[in-house]
Amino acid sequence: MRCGCPHCEAYMIQSETEHMACVCPECGYRCNACLGTNTVITREMLSQLKDTDWFQPNFESPVSDEDDMD
């Protein structure tokens, strides 16, 4: 995977030191968001998420703020 630095937009390089992360060769910014580190969940945790209501849609609301000005 190739990531772009959020600060200077250069391509970041994966560093495989003891703290796995991507490092920007331009500004030195470090990040591990794309590596998925510490994001593994158990089967039980995944099962609990199955019935989660992530959002409540409101189909009566205007599409945008501009529509609400009428």
# chains A, B, ... in the order shown; residues from 1 in each chain; ligands from 1
$ select_by_dssp --residues "chain A" --states "strand (DSSP E)" --output "number ranges by chain"
A: 13-15, 21-23, 30-31
$ write_last_selection --atoms "all heavy atoms" --output "short mmCIF file (atom, residue, chain, number, x, y, z; two decimals), in the first residue's frame"
data_model
loop_
_atom_site.label_atom_id
_atom_site.label_comp_id
_atom_site.auth_asym_id
_atom_site.auth_seq_id
_atom_site.Cartn_x
_atom_site.Cartn_y
_atom_site.Cartn_z
N ILE A 13 6.66 5.95 3.06
CA ILE A 13 7.35 4.67 2.94
C ILE A 13 7.12 3.89 4.22
O ILE A 13 7.21 4.43 5.32
CB ILE A 13 8.86 4.90 2.75
CG1 ILE A 13 9.10 5.77 1.52
CG2 ILE A 13 9.61 3.59 2.65
CD1 ILE A 13 10.48 6.35 1.46
N GLN A 14 6.84 2.57 4.10
CA GLN A 14 6.64 1.75 5.28
C GLN A 14 7.97 1.50 5.97
O GLN A 14 8.95 1.12 5.35
CB GLN A 14 5.99 0.42 4.92
CG GLN A 14 4.53 0.56 4.61
CD GLN A 14 3.87 -0.78 4.37
OE1 GLN A 14 4.49 -1.83 4.44
NE2 GLN A 14 2.59 -0.75 4.09
N SER A 15 7.98 1.72 7.27
CA SER A 15 9.15 1.47 8.10
C SER A 15 8.85 0.26 8.97
O SER A 15 7.85 0.25 9.69
CB SER A 15 9.45 2.69 8.97
OG SER A 15 10.43 2.38 9.92
N ALA A 21 5.16 1.66 11.08
CA ALA A 21 4.49 2.89 10.66
C ALA A 21 4.98 3.25 9.27
O ALA A 21 5.96 2.70 8.78
CB ALA A 21 4.78 4.02 11.62
N CYS A 22 4.28 4.16 8.65
CA CYS A 22 4.75 4.75 7.40
C CYS A 22 5.42 6.06 7.76
O CYS A 22 5.00 6.76 8.67
CB CYS A 22 3.59 5.00 6.44
SG CYS A 22 2.85 3.47 5.83
N VAL A 23 6.49 6.40 7.02
CA VAL A 23 7.25 7.61 7.30
C VAL A 23 7.33 8.44 6.03
O VAL A 23 7.63 7.92 4.96
CB VAL A 23 8.67 7.27 7.79
CG1 VAL A 23 9.46 8.53 8.09
CG2 VAL A 23 8.62 6.36 9.00
N ARG A 30 4.97 10.52 10.76
CA ARG A 30 4.79 9.07 10.92
C ARG A 30 3.32 8.77 11.18
O ARG A 30 2.63 9.52 11.86
CB ARG A 30 5.62 8.55 12.08
CG ARG A 30 7.11 8.74 11.89
CD ARG A 30 7.88 8.25 13.10
NE ARG A 30 7.80 6.81 13.27
CZ ARG A 30 8.60 5.92 12.69
NH1 ARG A 30 9.54 6.34 11.89
NH2 ARG A 30 8.47 4.64 12.92
N CYS A 31 2.86 7.64 10.66
CA CYS A 31 1.45 7.28 10.80
C CYS A 31 1.32 5.77 10.62
O CYS A 31 2.10 5.16 9.89
CB CYS A 31 0.67 8.03 9.72
SG CYS A 31 -1.03 7.51 9.54
#
$ select_by_dssp --residues "chain A" --states "alpha helix (DSSP H)" --output "ChimeraX atom specification"
/A:43-49
$ write_last_selection --atoms "C-alpha atoms" --output "compact mmCIF listing (two decimals), in the first residue's frame"
# COMPACT_ATOMS: atom_id res chain seq x y z
CA ARG A 43 -15.60 -12.93 16.86
CA GLU A 44 -17.76 -12.02 19.86
CA MET A 45 -17.16 -8.29 19.38
CA LEU A 46 -18.04 -8.59 15.70
CA SER A 47 -21.23 -10.46 16.61
CA GLN A 48 -22.23 -7.63 18.97
CA LEU A 49 -21.83 -5.09 16.15
$ atom_distance --atom1 "CA of Met12 in chain A" --atom2 "CA of Val40 in chain A"
23.5 Å
$ atom_distance --atom1 "CA of Thr42 in chain A" --atom2 "CA of His19 in chain A"
23.0 Å
$ closest_residue --among "A:Cys3, A:Val63, A:Pro57, A:Ala10" --to "Gly28 in chain A" --atoms "only C-alpha atoms"
A:Ala10
$ atom_distance --atom1 "CA of Asn32 in chain A" --atom2 "CA of Trp54 in chain A"
25.5 Å
$ decode --residues "range 20-34 of chain A" --atoms "N, CA, C and O atoms" --output "tab-separated table (two decimals), in the first residue's frame"
chain	number	residue	atom	x	y	z
A	20	MET	N	5.92	-0.29	13.86
A	20	MET	CA	5.56	-0.27	12.44
A	20	MET	C	4.75	0.97	12.11
A	20	MET	O	3.79	1.30	12.79
A	21	ALA	N	5.16	1.66	11.08
A	21	ALA	CA	4.49	2.89	10.66
A	21	ALA	C	4.98	3.25	9.27
A	21	ALA	O	5.96	2.70	8.78
A	22	CYS	N	4.28	4.16	8.65
A	22	CYS	CA	4.75	4.75	7.40
A	22	CYS	C	5.42	6.06	7.76
A	22	CYS	O	5.00	6.76	8.67
A	23	VAL	N	6.49	6.40	7.02
A	23	VAL	CA	7.25	7.61	7.30
A	23	VAL	C	7.33	8.44	6.03
A	23	VAL	O	7.63	7.92	4.96
A	24	CYS	N	7.06	9.72	6.15
A	24	CYS	CA	7.16	10.63	5.02
A	24	CYS	C	8.63	11.00	4.81
A	24	CYS	O	9.27	11.49	5.74
A	25	PRO	N	9.16	10.77	3.61
A	25	PRO	CA	10.56	11.11	3.37
A	25	PRO	C	10.80	12.62	3.28
A	25	PRO	O	11.93	13.07	3.41
A	26	GLU	N	9.74	13.40	3.09
A	26	GLU	CA	9.90	14.86	2.96
A	26	GLU	C	9.88	15.57	4.31
A	26	GLU	O	10.75	16.35	4.62
A	27	CYS	N	8.85	15.29	5.13
A	27	CYS	CA	8.71	16.04	6.39
A	27	CYS	C	8.89	15.18	7.64
A	27	CYS	O	8.91	15.70	8.74
A	28	GLY	N	9.00	13.85	7.49
A	28	GLY	CA	9.23	12.98	8.64
A	28	GLY	C	7.98	12.57	9.39
A	28	GLY	O	8.06	11.89	10.41
A	29	TYR	N	6.80	12.96	8.93
A	29	TYR	CA	5.54	12.59	9.59
A	29	TYR	C	5.42	11.07	9.63
A	29	TYR	O	5.73	10.38	8.67
A	30	ARG	N	4.97	10.52	10.76
A	30	ARG	CA	4.79	9.07	10.92
A	30	ARG	C	3.32	8.77	11.18
A	30	ARG	O	2.63	9.52	11.86
A	31	CYS	N	2.86	7.64	10.66
A	31	CYS	CA	1.45	7.28	10.80
A	31	CYS	C	1.32	5.77	10.62
A	31	CYS	O	2.10	5.16	9.89
A	32	ASN	N	0.34	5.14	11.26
A	32	ASN	CA	0.12	3.71	11.05
A	32	ASN	C	-1.35	3.41	10.72
A	32	ASN	O	-1.80	2.29	10.87
A	33	ALA	N	-2.07	4.40	10.23
A	33	ALA	CA	-3.49	4.22	9.95
A	33	ALA	C	-3.74	3.15	8.89
A	33	ALA	O	-4.67	2.36	9.01
A	34	CYS	N	-2.94	3.09	7.85
A	34	CYS	CA	-3.18	2.15	6.77
A	34	CYS	C	-2.75	0.73	7.12
A	34	CYS	O	-3.13	-0.22	6.45
